[in-house]
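Structure below is query-v9.cif: mmCIF, C-alpha atoms.
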data_coords
loop_
_atom_site.label_atom_id
_atom_site.label_comp_id
_atom_site.auth_asym_id
_atom_site.auth_seq_id
_atom_site.Cartn_x
_atom_site.Cartn_y
_atom_site.Cartn_z
CA MET A 1184 17.38 33.69 15.27
CA GLU A 1185 14.74 31.00 15.69
CA ASN A 1186 14.92 28.47 18.54
CA LEU A 1187 17.72 30.31 20.32
CA THR A 1188 19.25 28.39 23.26
CA ILE A 1189 21.16 30.17 26.00
CA ALA A 1190 22.79 28.39 28.93
CA VAL A 1191 23.58 30.21 32.18
CA GLN A 1192 26.21 28.68 34.46
CA TYR A 1193 26.35 28.79 38.26
CA PRO A 1194 28.69 26.80 40.55
CA SER A 1195 25.58 25.40 42.29
CA PHE A 1196 22.05 26.56 43.01
CA GLY A 1197 21.43 28.74 46.02
CA PRO A 1198 18.11 30.32 47.02
CA GLN A 1199 18.88 33.41 44.94
CA HIS A 1200 19.17 31.58 41.61
CA PRO A 1201 15.60 30.42 40.76
CA PRO A 1202 14.12 33.98 40.94
CA ARG A 1203 16.86 35.23 38.61
CA LEU A 1204 16.23 32.43 36.13
CA ARG A 1205 12.47 32.87 36.16
CA ALA A 1206 12.94 36.57 35.41
CA ILE A 1207 15.31 35.70 32.54
CA VAL A 1208 12.72 33.42 30.95
CA ARG A 1209 9.90 35.95 31.43
CA SER A 1210 12.03 38.70 29.86
CA ALA A 1211 13.01 36.65 26.81
CA PRO A 1212 12.60 38.62 23.56
CA ASN A 1213 10.40 35.92 22.06
CA ALA A 1214 8.82 32.55 22.80
CA ASN A 1215 11.50 30.65 20.86
CA CYS A 1216 14.18 31.34 23.47
CA ARG A 1217 15.23 28.27 25.49
CA VAL A 1218 16.95 28.93 28.83
CA VAL A 1219 19.05 26.18 30.43
CA ALA A 1220 20.39 26.69 33.95
CA MET A 1221 23.68 24.80 34.26
CA GLU A 1222 24.33 23.89 37.87
CA MET A 1223 27.95 22.85 37.62
CA PHE A 1224 27.91 20.93 40.93
CA ALA A 1225 25.13 19.64 43.17
CA LYS A 1226 26.62 21.58 46.13
CA ASP A 1227 29.00 24.51 46.49
CA SER A 1228 31.60 23.53 49.10
CA ASP A 1229 31.93 27.16 50.25
CA TYR A 1230 28.30 27.50 51.39
CA GLU A 1231 25.93 25.69 53.74
CA TRP A 1232 22.74 26.30 51.77
CA ASP A 1233 20.15 23.57 51.83
CA PRO A 1234 19.73 21.90 48.42
CA VAL A 1235 17.38 23.86 46.18
CA LEU A 1236 14.50 21.56 45.33
CA LEU A 1237 12.37 22.57 42.37
CA GLY A 1238 9.22 21.20 40.81
CA LYS A 1239 8.23 21.97 37.26
CA GLU A 1240 9.95 25.20 36.20
CA ILE A 1241 9.88 27.56 33.23
CA PHE A 1242 13.64 27.05 32.77
CA GLU A 1243 15.55 23.82 32.27
CA ARG A 1244 17.89 22.66 35.02
CA TYR A 1245 20.98 20.64 34.15
CA THR A 1246 23.27 19.47 36.99
CA VAL A 1247 26.65 18.72 35.45
CA MET A 1248 28.26 16.81 38.36
CA ASP A 1249 26.35 15.27 41.27
CA CYS A 1250 28.96 16.12 43.91
CA GLU A 1251 30.41 19.01 45.88
CA SER A 1252 32.45 21.58 43.96
CA ALA A 1253 35.69 20.81 45.87
CA VAL A 1254 35.41 17.16 44.82
CA GLY A 1255 34.39 17.85 41.23
CA ARG A 1256 37.29 20.24 40.60
CA ARG A 1257 40.02 17.83 41.75
CA ASN A 1258 40.46 15.83 38.56
CA ARG A 1259 40.76 18.11 35.54
CA SER A 1260 40.43 15.40 32.92
CA ILE A 1261 37.19 14.02 34.41
CA LEU A 1262 35.81 17.53 34.87
CA LYS A 1263 36.66 18.46 31.28
CA LYS A 1264 35.04 15.32 29.90
CA THR A 1265 31.88 15.91 31.98
CA VAL A 1266 31.56 19.62 31.15
CA PHE A 1267 32.16 18.98 27.44
CA LYS A 1268 29.47 16.27 27.45
CA ALA A 1269 26.99 18.58 29.16
CA LEU A 1270 27.61 21.34 26.65
CA ASP A 1271 27.40 18.86 23.77
CA ASP A 1272 24.00 17.80 25.14
CA ILE A 1273 22.68 21.34 25.55
CA ARG A 1274 24.26 22.86 22.40
CA PRO A 1275 23.81 26.51 23.44
CA ASP A 1276 23.97 29.30 20.88
CA VAL A 1277 25.16 31.61 23.67
CA LEU A 1278 26.86 30.44 26.87
CA VAL A 1279 26.85 32.71 29.93
CA VAL A 1280 30.09 31.64 31.60
CA ASN A 1281 30.41 32.18 35.36
CA GLY A 1282 33.69 34.08 35.55
CA TRP A 1283 37.16 32.76 34.82
CA GLY A 1284 38.54 31.79 38.21
CA HIS A 1285 37.14 28.27 38.47
CA ARG A 1286 38.42 25.34 36.46
CA GLU A 1287 34.98 24.54 35.00
CA SER A 1288 34.69 28.10 33.65
CA ARG A 1289 37.99 27.86 31.78
CA ILE A 1290 36.96 24.46 30.40
CA SER A 1291 33.67 25.99 29.24
CA LEU A 1292 35.54 28.78 27.46
CA ALA A 1293 37.62 26.16 25.65
CA TRP A 1294 34.44 24.35 24.51
CA CYS A 1295 32.95 27.62 23.23
CA ARG A 1296 36.00 28.38 21.15
CA LYS A 1297 36.09 24.85 19.79
CA GLU A 1298 32.40 24.95 18.84
CA GLN A 1299 32.30 28.66 17.88
CA CYS A 1300 29.64 29.32 20.52
CA LYS A 1301 29.05 32.95 21.48
CA ILE A 1302 30.11 33.91 25.00
CA VAL A 1303 28.73 36.27 27.62
CA MET A 1304 31.13 36.67 30.54
CA LEU A 1305 29.25 36.86 33.86
CA SER A 1306 31.43 38.56 36.45
CA ASP A 1307 31.26 40.02 39.93
CA SER A 1308 35.04 40.51 40.24
CA VAL A 1309 36.55 43.90 41.03
CA ARG A 1310 40.12 45.01 40.49
CA ASP A 1311 41.09 46.54 43.82
CA ASN A 1312 39.89 44.07 46.46
CA VAL A 1313 43.05 41.92 46.31
CA PRO A 1314 46.61 42.50 45.04
CA ARG A 1315 46.79 42.09 41.25
CA TYR A 1316 49.93 40.80 39.53
CA PHE A 1317 50.93 41.80 36.02
CA TRP A 1318 51.43 38.27 34.70
CA LYS A 1319 48.08 37.10 36.06
CA GLU A 1320 46.30 40.08 34.55
CA MET A 1321 47.91 39.38 31.17
CA TYR A 1322 46.79 35.74 31.42
CA LYS A 1323 43.22 36.86 32.15
CA LYS A 1324 43.28 39.16 29.13
CA TRP A 1325 44.43 36.24 27.00
CA LEU A 1326 41.76 33.99 28.50
CA LEU A 1327 39.02 36.55 27.78
CA ARG A 1328 40.27 37.38 24.28
CA GLY A 1329 37.52 37.81 21.73
CA ILE A 1330 34.66 37.55 24.23
CA GLN A 1331 31.79 39.48 22.76
CA ALA A 1332 29.87 40.72 25.79
CA GLY A 1333 29.84 41.01 29.57
CA PHE A 1334 27.13 40.77 32.23
CA ALA A 1335 28.34 42.37 35.45
CA ALA A 1336 27.21 42.86 39.03
CA GLY A 1337 27.72 46.62 39.04
CA THR A 1338 29.89 49.61 38.18
CA PRO A 1339 33.33 48.51 39.52
CA GLN A 1340 32.81 45.01 38.10
CA ALA A 1341 32.06 46.50 34.66
CA ARG A 1342 35.22 48.62 34.88
CA TYR A 1343 37.29 45.52 35.57
CA LEU A 1344 35.78 43.57 32.66
CA ASN A 1345 36.56 46.53 30.43
CA ARG A 1346 40.14 46.62 31.71
CA LEU A 1347 40.42 42.94 30.74
CA GLY A 1348 39.45 43.70 27.17
CA ILE A 1349 35.65 43.65 26.77
CA PRO A 1350 34.36 46.94 25.26
CA LEU A 1351 32.49 49.00 27.85
CA GLU A 1352 29.52 49.49 25.52
CA ASP A 1353 29.11 45.69 25.41
CA ILE A 1354 29.08 45.24 29.20
CA PHE A 1355 25.63 45.35 30.79
CA TYR A 1356 24.84 45.89 34.46
CA PRO A 1357 23.56 45.68 37.12
CA GLY A 1358 22.05 42.25 37.34
CA SER A 1359 24.38 39.30 37.83
CA THR A 1360 24.08 39.56 41.64
CA VAL A 1361 20.47 40.21 42.57
CA VAL A 1362 17.98 38.67 44.98
CA ASP A 1363 14.20 38.39 45.05
CA ASN A 1364 13.58 41.79 46.63
CA GLU A 1365 9.85 41.16 46.94
CA TYR A 1366 10.46 38.03 49.04
CA TRP A 1367 12.62 39.87 51.58
CA THR A 1368 10.33 42.91 51.76
CA LYS A 1369 7.22 40.78 52.24
CA LYS A 1370 8.91 38.66 54.93
CA LYS A 1371 10.10 41.79 56.74
CA HIS A 1372 6.51 43.07 57.03
CA GLN A 1373 5.38 39.68 58.37
CA VAL A 1374 8.16 39.69 60.97
CA VAL A 1375 7.33 43.22 62.15
CA LYS A 1376 3.74 42.14 62.87
CA GLU A 1377 5.04 39.47 65.28
CA LYS A 1378 8.22 41.19 66.42
CA GLU A 1379 7.82 40.72 70.18
CA LYS A 1380 6.93 37.05 69.86
CA LEU A 1381 9.84 36.40 67.47
CA ARG A 1382 12.27 38.40 69.56
CA LEU A 1383 11.54 36.19 72.55
CA LEU A 1384 11.56 33.00 70.47
CA TYR A 1385 15.02 33.74 69.05
CA GLY A 1386 16.40 35.40 72.18
CA LEU A 1387 17.31 38.62 70.39
CA PRO A 1388 18.01 42.00 72.00
CA GLU A 1389 15.50 44.86 71.83
CA ARG A 1390 17.79 46.72 69.42
CA PHE A 1391 20.88 45.49 67.57
CA PHE A 1392 23.34 45.76 64.71
CA LEU A 1393 23.30 42.69 62.47
CA CYS A 1394 26.08 41.00 60.51
CA VAL A 1395 25.43 37.94 58.34
CA ALA A 1396 28.64 36.36 57.05
CA ARG A 1397 30.73 33.23 56.85
CA PHE A 1398 33.28 33.07 59.66
CA VAL A 1399 36.33 33.21 57.40
CA ASP A 1400 39.34 35.51 57.53
CA PHE A 1401 38.39 38.10 54.90
CA LYS A 1402 34.94 38.68 56.42
CA ASN A 1403 36.83 40.62 59.13
CA ILE A 1404 34.55 39.69 62.05
CA PRO A 1405 37.16 40.13 64.85
CA PHE A 1406 37.70 43.68 63.55
CA LEU A 1407 33.94 44.29 63.79
CA ILE A 1408 33.91 43.03 67.38
CA ARG A 1409 36.81 45.33 68.35
CA SER A 1410 35.01 48.24 66.67
CA TYR A 1411 31.84 47.34 68.55
CA ALA A 1412 33.75 47.46 71.84
CA ALA A 1413 34.95 50.97 70.94
CA TYR A 1414 31.38 51.94 70.00
CA ARG A 1415 30.08 50.80 73.41
CA SER A 1416 32.63 53.05 75.09
CA LEU A 1417 31.21 55.98 73.10
CA ALA A 1418 27.53 55.13 73.50
CA GLY A 1419 27.52 53.98 77.13
CA GLN A 1420 24.06 53.02 78.37
CA GLN A 1421 22.54 53.93 74.99
CA ALA A 1422 24.55 51.24 73.14
CA ILE A 1423 22.59 48.62 71.22
CA GLY A 1424 23.53 44.95 70.77
CA LEU A 1425 25.40 43.10 68.02
CA VAL A 1426 24.10 39.87 66.47
CA LEU A 1427 26.38 37.69 64.34
CA CYS A 1428 24.78 35.13 61.99
CA GLY A 1429 27.26 32.63 60.58
CA SER A 1430 29.71 29.83 61.14
CA GLY A 1431 33.10 28.78 59.87
CA PRO A 1432 36.76 28.16 60.69
CA GLN A 1433 37.27 31.50 62.50
CA GLU A 1434 34.58 30.81 65.09
CA GLY A 1435 37.14 30.09 67.83
CA LYS A 1436 38.98 33.35 67.18
CA ILE A 1437 35.68 35.24 67.16
CA ILE A 1438 34.60 33.75 70.51
CA LYS A 1439 38.02 34.61 72.01
CA THR A 1440 37.75 38.24 70.81
CA ILE A 1441 34.31 38.55 72.40
CA LYS A 1442 35.67 37.16 75.69
CA ASP A 1443 38.77 39.39 75.58
CA PHE A 1444 36.52 42.47 75.55
CA ASN A 1445 33.95 40.95 77.93
CA LEU A 1446 31.16 41.71 75.47
CA LYS A 1447 28.04 40.04 76.83
CA GLU A 1448 25.98 42.08 74.35
CA VAL A 1449 27.33 40.17 71.31
CA SER A 1450 25.08 37.26 70.28
CA LEU A 1451 26.34 34.37 68.15
CA VAL A 1452 23.29 32.70 66.58
CA GLY A 1453 25.00 30.31 64.14
CA PHE A 1454 24.42 29.78 60.44
CA ARG A 1455 20.84 30.40 59.31
CA GLN A 1456 19.13 29.32 56.10
CA ALA A 1457 17.29 31.85 53.92
CA SER A 1458 13.98 30.72 55.44
CA GLU A 1459 15.05 32.01 58.89
CA LEU A 1460 17.10 35.07 57.95
CA PRO A 1461 14.05 37.37 57.55
CA VAL A 1462 13.57 37.22 61.33
CA PHE A 1463 17.02 38.71 61.91
CA TYR A 1464 16.75 41.31 59.15
CA GLY A 1465 13.24 42.24 60.24
CA LEU A 1466 14.19 42.85 63.89
CA ALA A 1467 17.59 44.54 63.37
CA ASP A 1468 18.24 48.28 63.47
CA CYS A 1469 21.15 48.36 61.03
CA PHE A 1470 23.25 45.98 58.92
CA ILE A 1471 27.07 45.95 59.02
CA PHE A 1472 29.29 44.25 56.43
CA PRO A 1473 32.97 44.53 57.41
CA SER A 1474 34.91 42.54 54.77
CA SER A 1475 38.58 43.45 54.52
CA ARG A 1476 39.31 42.08 51.01
CA PHE A 1477 38.14 39.62 48.36
CA GLU A 1478 34.48 40.55 48.61
CA PRO A 1479 33.39 40.75 44.97
CA TRP A 1480 29.85 41.88 45.85
CA GLY A 1481 28.12 40.87 49.13
CA LEU A 1482 24.66 39.47 48.40
CA VAL A 1483 23.52 39.74 52.02
CA VAL A 1484 23.62 43.53 51.57
CA ASN A 1485 20.91 43.18 48.90
CA GLU A 1486 18.83 41.10 51.31
CA ALA A 1487 19.28 43.59 54.14
CA MET A 1488 18.36 46.54 51.91
CA ALA A 1489 15.26 44.80 50.58
CA SER A 1490 14.39 44.24 54.26
CA GLY A 1491 14.52 47.98 54.84
CA LEU A 1492 17.79 48.26 56.77
CA PRO A 1493 20.40 51.04 56.71
CA ILE A 1494 23.81 49.73 55.65
CA ILE A 1495 27.30 50.26 57.04
CA ALA A 1496 29.68 48.61 54.55
CA SER A 1497 33.41 48.26 54.14
CA SER A 1498 34.99 50.14 51.25
CA MET A 1499 36.41 46.77 50.13
CA THR A 1500 32.91 45.39 49.54
CA GLY A 1501 32.17 45.13 45.83
CA CYS A 1502 28.59 46.38 46.21
CA ALA A 1503 29.46 49.51 48.22
CA GLU A 1504 29.93 51.85 45.25
CA ASP A 1505 26.49 51.09 43.79
CA LEU A 1506 24.38 50.28 46.83
CA VAL A 1507 25.65 52.35 49.78
CA HIS A 1508 25.06 56.06 49.26
CA ASP A 1509 26.92 57.90 52.01
CA ASP A 1510 24.58 59.60 54.47
CA ALA A 1511 21.55 58.59 52.36
CA ASN A 1512 21.02 54.91 53.21
CA GLY A 1513 24.18 54.36 55.25
CA TYR A 1514 27.94 54.81 55.32
CA VAL A 1515 31.11 53.30 53.85
CA PHE A 1516 34.12 52.80 56.13
CA ASP A 1517 37.79 51.85 56.03
CA PRO A 1518 38.03 48.18 57.15
CA GLU A 1519 41.30 48.89 58.96
CA ASP A 1520 39.99 51.82 61.03
CA GLU A 1521 38.28 50.45 64.13
CA ASN A 1522 37.61 53.85 65.66
CA GLY A 1523 36.23 55.12 62.36
CA LEU A 1524 33.66 52.33 62.28
CA ALA A 1525 32.85 52.88 65.96
CA ASP A 1526 32.16 56.58 65.25
CA ILE A 1527 29.77 55.65 62.41
CA MET A 1528 27.97 53.11 64.62
CA PHE A 1529 27.54 55.77 67.29
CA LYS A 1530 26.38 58.39 64.78
CA ILE A 1531 23.82 56.23 62.98
CA THR A 1532 22.07 55.00 66.14
CA GLN A 1533 21.53 58.39 67.76
CA ASP A 1534 18.17 58.94 66.10
CA GLN A 1535 15.70 56.12 65.36
CA HIS A 1536 13.77 58.37 62.97
CA THR A 1537 16.95 58.82 60.91
CA LEU A 1538 17.53 55.05 60.97
CA ALA A 1539 14.04 54.42 59.60
CA GLN A 1540 14.54 57.07 56.91
CA LYS A 1541 17.80 55.48 55.79
CA GLY A 1542 16.11 52.09 55.71
CA ARG A 1543 13.43 53.41 53.37
CA GLU A 1544 16.17 54.82 51.15
CA SER A 1545 17.79 51.36 51.03
CA GLU A 1546 14.53 49.93 49.67
CA LYS A 1547 14.43 52.59 46.94
CA ILE A 1548 18.03 51.96 45.89
CA ILE A 1549 17.77 48.17 45.82
CA ALA A 1550 14.66 48.36 43.62
CA THR A 1551 16.99 49.07 40.67
CA HIS A 1552 18.85 45.81 41.42
CA SER A 1553 15.99 43.36 40.92
CA PRO A 1554 15.80 40.03 39.07
CA GLU A 1555 13.70 41.78 36.41
CA ALA A 1556 16.28 44.54 35.88
CA GLY A 1557 19.04 41.93 35.77
CA ALA A 1558 17.17 39.82 33.23
CA ILE A 1559 16.78 42.78 30.86
CA ASN A 1560 20.52 43.44 31.03
CA LEU A 1561 21.34 39.77 30.46
CA TRP A 1562 19.31 39.72 27.25
CA LYS A 1563 21.09 42.90 26.12
CA ALA A 1564 24.39 41.08 26.67
CA VAL A 1565 23.10 38.10 24.67
CA GLN A 1566 22.19 40.40 21.80
CA ALA A 1567 25.62 42.04 21.94
CA ALA A 1568 27.27 38.59 21.86
CA LEU A 1569 25.20 37.73 18.76
CA GLY A 1570 26.25 41.00 17.11
CA GLN A 1571 22.71 42.36 17.08
CA SER A 1572 21.45 45.85 17.76
CA ILE A 1573 20.19 46.13 21.34
CA GLY A 1574 16.42 45.89 21.38
CA ALA A 1575 16.20 44.15 18.00
CA SER A 1576 14.13 41.00 17.71
CA ILE A 1577 16.15 37.86 18.36
#
Write the structure described by the file as C-alpha cells, please.
Amino acid sequence: MENLTIAVQYPSFGPQHPPRLRAIVRSAPNANCRVVAMEMFAKDSDYEWDPVLLGKEIFERYTVMDCESAVGRRNRSILKKTVFKALDDIRPDVLVVNGWGHRESRISLAWCRKEQCKIVMLSDSVRDNVPRYFWKEMYKKWLLRGIQAGFAAGTPQARYLNRLGIPLEDIFYPGSTVVDNEYWTKKKHQVVKEKEKLRLLYGLPERFFLCVARFVDFKNIPFLIRSYAAYRSLAGQQAIGLVLCGSGPQEGKIIKTIKDFNLKEVSLVGFRQASELPVFYGLADCFIFPSSRFEPWGLVVNEAMASGLPIIASSMTGCAEDLVHDDANGYVFDPEDENGLADIMFKITQDQHTLAQKGRESEKIIATHSPEAGAINLWKAVQAALGQSIGASI
C-alpha cells in the first residue's frame, strides 16, 4: 500500500514515548509510511512527568485535547466530538488503539468501525492481577470483536488478548512497554564515575535497596517497609538501607509505618523526574517492586534492569514473567508474604559479587525489550491488521 498512515495512541507523552516512536519510524517497511503519534491529552493526571517538549521530529505529533486526562474524560460528548475530529484529520489506514479501559479508546474503536479503519489493539493488561467478572469479560470480548491484530507488552498480556478473542498468531510482543535502554545504561556508567560525589549530594546511604513507585494503595509500599523491618532483624549490622522514590496519597501512611518500626534507615526522597532517576538507579544495590495488584507491567523495572540492577518483583507485577528470571537476575515473591520477601532481601545481599552478576544478567534480558525490538513487532501487527503476510512489502 502506498502512502500508508498509521496512528499510535497514548494517553499523554511521557519520557518513554519519543524513543519508541523514533524506532517505529526507523523500522518502517518503506519510506511511504507516515507515523502520527496521537497524544490524547496534554497531561496524564495519574503521573507527575514534566511536559515532553520536542523540536522537529521524524514522527508527527497530534495532541487531541490540551488538558489533563481527568478533565478531558469528564464529558463524553465533547470527548467523542474531539476524538472523531482528530481521526478525521489524520485519516489513518491503521489505528493502534491504547487498550479498551479508557473512554477515548472506546470512542476510537467506534470511529474505526464507522470508517472501516484497521485496528491494532495495544495492550499491557493481564488477566490475573485483579478480580475478573464474567459480564465484564463478555463486554470486553464484544468490544474487541473483529480486531485484526494485537501489540502486547509481553507473554501474559498476549495470553489475555488471545482470551478476549484475538488469534494468538496475530498478537506480537514484546514491545508496547519498552524504554530507551541505551539512555539508562549510559547514565548509569556516568553516575558510577562520580558515585561518591553524587552520594553525598543526594544524601544516600553507602548501600541500599531502591523502590521507585507512586505512593498509591496497590503499589504496596507499607508492606515493603514491614518486610524491610523483618529483613533488618535477619541481617543485623550487615543490613543495607532502603530508598523510596515517589509521592502520592499514601505518603502519610508510609511515614507512619516507618515511624512505627523506628526505621531510621528508610529514606524518602520524593518524586523524581527521569533526568534525576539515573542517580538512584546507578547507586543502588538492588531494585524492589512490591505491587499487590493492578500492575499491568511496571516500566521502572525496565529502567532498573537497563541500569544494571538485580530485581526483586512481586508475582502480581505484569513484567515479572518475562523480565525476572528466578535466581538469574533476581527473584519473584508473594506480595502478601512479608517474611518471604525479607528472606529474599537477606539472601540477595549476602554476596556483592552475586549482586553484580545478577545485575549483568538484567542487562542481557532487557536487551530483548528495546524500542527497536518493539518497533519490529508493531510493524508485524500492522501487517497482520492489513491481512498481509508478515515480512511482505507494505
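Closest approach to A:Tyr1356 from the set A:Cys1469, A:Met1223, A:Ile1559, A:Leu1569 is made by A:Ile1559, with distances taken over all atoms listed in the file.
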| Explicit residue set for the PyMOL selection byres ((chain A and resi 1278) around 6), as an MDAnalysis selection string | chainID A and resid 1189:1190 1277 1279:1280 1302
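For the pair atom CA of A:Ile1273 and atom CA of A:Asn1345, the interatomic distance is 29.2 Å.
With distances taken over all atoms listed in the file, A:Met1221 is the one residue among A:Val1374, A:Val1303, A:Met1221, A:Leu1204 lying closest to A:Val1266.
For the choices A:Phe1529, A:Tyr1366, A:Ala1487, A:Ser1210, the atom-to-atom distance to A:Gln1420 is smallest for A:Phe1529 when using only C-alpha atoms.
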| field | Hits of the PyMOL selection byres ((chain A and resi 1415) around 12) in this structure, as a ChimeraX atom specification | value | /A:1408-1414,1416-1425,1444-1449,1522,1524-1526,1528-1529,1532
| said: When the PyMOL selection byres ((chain A and resi 1544) around 10) is applied to the structure above, which residues does it catch, written out as a ChimeraX atom specification? | reply: /A:1488,1491-1493,1507-1508,1511-1513,1538-1543,1545-1549
Writer output for current selection, C-alpha atoms, as a compact mmCIF listing (two decimals), in the coordinates of the input:
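Dumped everything to again_8.txt:
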# COMPACT_ATOMS: atom_id res chain seq x y z
CA MET A 1488 18.36 46.54 51.91
CA GLY A 1491 14.52 47.98 54.84
CA LEU A 1492 17.79 48.26 56.77
CA PRO A 1493 20.40 51.04 56.71
CA VAL A 1507 25.65 52.35 49.78
CA HIS A 1508 25.06 56.06 49.26
CA ALA A 1511 21.55 58.59 52.36
CA ASN A 1512 21.02 54.91 53.21
CA GLY A 1513 24.18 54.36 55.25
CA LEU A 1538 17.53 55.05 60.97
CA ALA A 1539 14.04 54.42 59.60
CA GLN A 1540 14.54 57.07 56.91
CA LYS A 1541 17.80 55.48 55.79
CA GLY A 1542 16.11 52.09 55.71
CA ARG A 1543 13.43 53.41 53.37
CA SER A 1545 17.79 51.36 51.03
CA GLU A 1546 14.53 49.93 49.67
CA LYS A 1547 14.43 52.59 46.94
CA ILE A 1548 18.03 51.96 45.89
CA ILE A 1549 17.77 48.17 45.82
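Atom CA of A:Asp1271 is positioned 26.0 Å from atom CA of A:Pro1234.
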Mind running stretch 1493-1574 of chain A against stretch 1387-1405 of chain A at 10 Å and telling me each contacting residue's nearest atom pair with the distance in Å (one decimal), counting all atoms listed in the file, chain and number ascending, as JSON lines?
{"residue": "A:Ile1494", "atom": "CA", "partner": "A:Leu1393", "partner_atom": "CA", "distance": 9.8}
{"residue": "A:Ile1495", "atom": "CA", "partner": "A:Phe1392", "partner_atom": "CA", "distance": 9.7}
{"residue": "A:Ser1497", "atom": "CA", "partner": "A:Asn1403", "partner_atom": "CA", "distance": 9.7}
{"residue": "A:Thr1500", "atom": "CA", "partner": "A:Lys1402", "partner_atom": "CA", "distance": 9.8}
{"residue": "A:Pro1518", "atom": "CA", "partner": "A:Asn1403", "partner_atom": "CA", "distance": 7.9}
{"residue": "A:Glu1519", "atom": "CA", "partner": "A:Asn1403", "partner_atom": "CA", "distance": 9.4}
{"residue": "A:Met1528", "atom": "CA", "partner": "A:Phe1392", "partner_atom": "CA", "distance": 8.7}
{"residue": "A:Thr1532", "atom": "CA", "partner": "A:Phe1392", "partner_atom": "CA", "distance": 9.4}
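Using all atoms listed in the file, the smallest distance between any of A:Val1235, A:Val1208, A:Ile1290, A:Ala1336 and A:Arg1256 comes from A:Ile1290.
Ranking A:Asp1520, A:Glu1377, A:Asp1233, A:Glu1222 by their shortest atom-to-atom distance to A:His1200, with all atoms listed in the file included, puts A:Glu1222 first.
Atom pair atom CA of A:Leu1482 / atom CA of A:Leu1262: separated by 28.1 Å.
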With only C-alpha atoms as the counted atoms, please give the residues lying no more than 9 Å from A:Ala1211, apart from itself and same-chain residues fewer than 4 positions off, as a PDB file with C-alpha atoms, in the coordinates of the input.
ATOM      1  CA  ALA A1206      12.940  36.570  35.410  1.00  0.00           C
ATOM      2  CA  ILE A1207      15.310  35.700  32.540  1.00  0.00           C
ATOM      3  CA  ASN A1215      11.500  30.650  20.860  1.00  0.00           C
ATOM      4  CA  CYS A1216      14.180  31.340  23.470  1.00  0.00           C
ATOM      5  CA  ARG A1217      15.230  28.270  25.490  1.00  0.00           C
ATOM      6  CA  VAL A1218      16.950  28.930  28.830  1.00  0.00           C
ATOM      7  CA  ALA A1558      17.170  39.820  33.230  1.00  0.00           C
ATOM      8  CA  ILE A1559      16.780  42.780  30.860  1.00  0.00           C
ATOM      9  CA  TRP A1562      19.310  39.720  27.250  1.00  0.00           C
TER      10      TRP A1562
END
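Closest to A:Leu1236 among A:Asp1353, A:Lys1297, A:Phe1196, A:Val1483 is A:Phe1196, based on only C-alpha atoms.
Proximity to A:Gln1299 at 12 Å, evaluated using only C-alpha atoms and with sequence-adjacent residues fewer than 2 positions away removed, yields A:Arg1274, A:Pro1275, A:Asp1276, A:Val1277, A:Leu1278, A:Ser1291, A:Leu1292, A:Ala1293, A:Trp1294, A:Cys1295, A:Arg1296, A:Lys1297, A:Lys1301, A:Ile1302, A:Gly1329, A:Ile1330, A:Gln1331, A:Ala1568, A:Leu1569.
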Go ahead and dump the residues you just picked, C-alpha atoms, as a PDB file, keeping the file's coordinate frame.
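Final output, out37.pdb:
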ATOM      1  CA  ARG A1274      24.260  22.860  22.400  1.00  0.00           C
ATOM      2  CA  PRO A1275      23.810  26.510  23.440  1.00  0.00           C
ATOM      3  CA  ASP A1276      23.970  29.300  20.880  1.00  0.00           C
ATOM      4  CA  VAL A1277      25.160  31.610  23.670  1.00  0.00           C
ATOM      5  CA  LEU A1278      26.860  30.440  26.870  1.00  0.00           C
ATOM      6  CA  SER A1291      33.670  25.990  29.240  1.00  0.00           C
ATOM      7  CA  LEU A1292      35.540  28.780  27.460  1.00  0.00           C
ATOM      8  CA  ALA A1293      37.620  26.160  25.650  1.00  0.00           C
ATOM      9  CA  TRP A1294      34.440  24.350  24.510  1.00  0.00           C
ATOM     10  CA  CYS A1295      32.950  27.620  23.230  1.00  0.00           C
ATOM     11  CA  ARG A1296      36.000  28.380  21.150  1.00  0.00           C
ATOM     12  CA  LYS A1297      36.090  24.850  19.790  1.00  0.00           C
ATOM     13  CA  LYS A1301      29.050  32.950  21.480  1.00  0.00           C
ATOM     14  CA  ILE A1302      30.110  33.910  25.000  1.00  0.00           C
ATOM     15  CA  GLY A1329      37.520  37.810  21.730  1.00  0.00           C
ATOM     16  CA  ILE A1330      34.660  37.550  24.230  1.00  0.00           C
ATOM     17  CA  GLN A1331      31.790  39.480  22.760  1.00  0.00           C
ATOM     18  CA  ALA A1568      27.270  38.590  21.860  1.00  0.00           C
ATOM     19  CA  LEU A1569      25.200  37.730  18.760  1.00  0.00           C
TER      20      LEU A1569
END
| Within 8 Å of A:Asn1364 using all atoms listed in the file, minus same-chain residues under 3 positions, as a PyMOL selection string | chain A and resi 1367-1368+1485-1486+1489+1549-1550+1553
Provide stretch 1278-1284 of chain A of the preceding structure as a file containing N, CA and C atoms, as a CSV table (one decimal), in the first residue's frame.
chain,number,residue,atom,x,y,z
A,1278,LEU,N,-5.1,2.1,12.9
A,1278,LEU,CA,-5.0,2.9,14.2
A,1278,LEU,C,-4.6,1.9,15.3
A,1279,VAL,N,-3.5,2.3,16.0
A,1279,VAL,CA,-3.1,1.5,17.1
A,1279,VAL,C,-3.7,2.1,18.4
A,1280,VAL,N,-4.8,1.4,18.9
A,1280,VAL,CA,-5.6,1.9,19.9
A,1280,VAL,C,-5.0,1.5,21.3
A,1281,ASN,N,-4.9,2.4,22.2
A,1281,ASN,CA,-4.3,2.2,23.5
A,1281,ASN,C,-5.3,1.5,24.5
A,1282,GLY,N,-5.5,0.2,24.3
A,1282,GLY,CA,-6.3,-0.5,25.2
A,1282,GLY,C,-7.8,-0.2,25.0
A,1283,TRP,N,-8.6,-0.7,26.0
A,1283,TRP,CA,-10.0,-0.5,25.9
A,1283,TRP,C,-10.6,0.1,27.2
A,1284,GLY,N,-9.8,0.3,28.2
A,1284,GLY,CA,-10.3,0.8,29.5
A,1284,GLY,C,-10.7,2.2,29.6
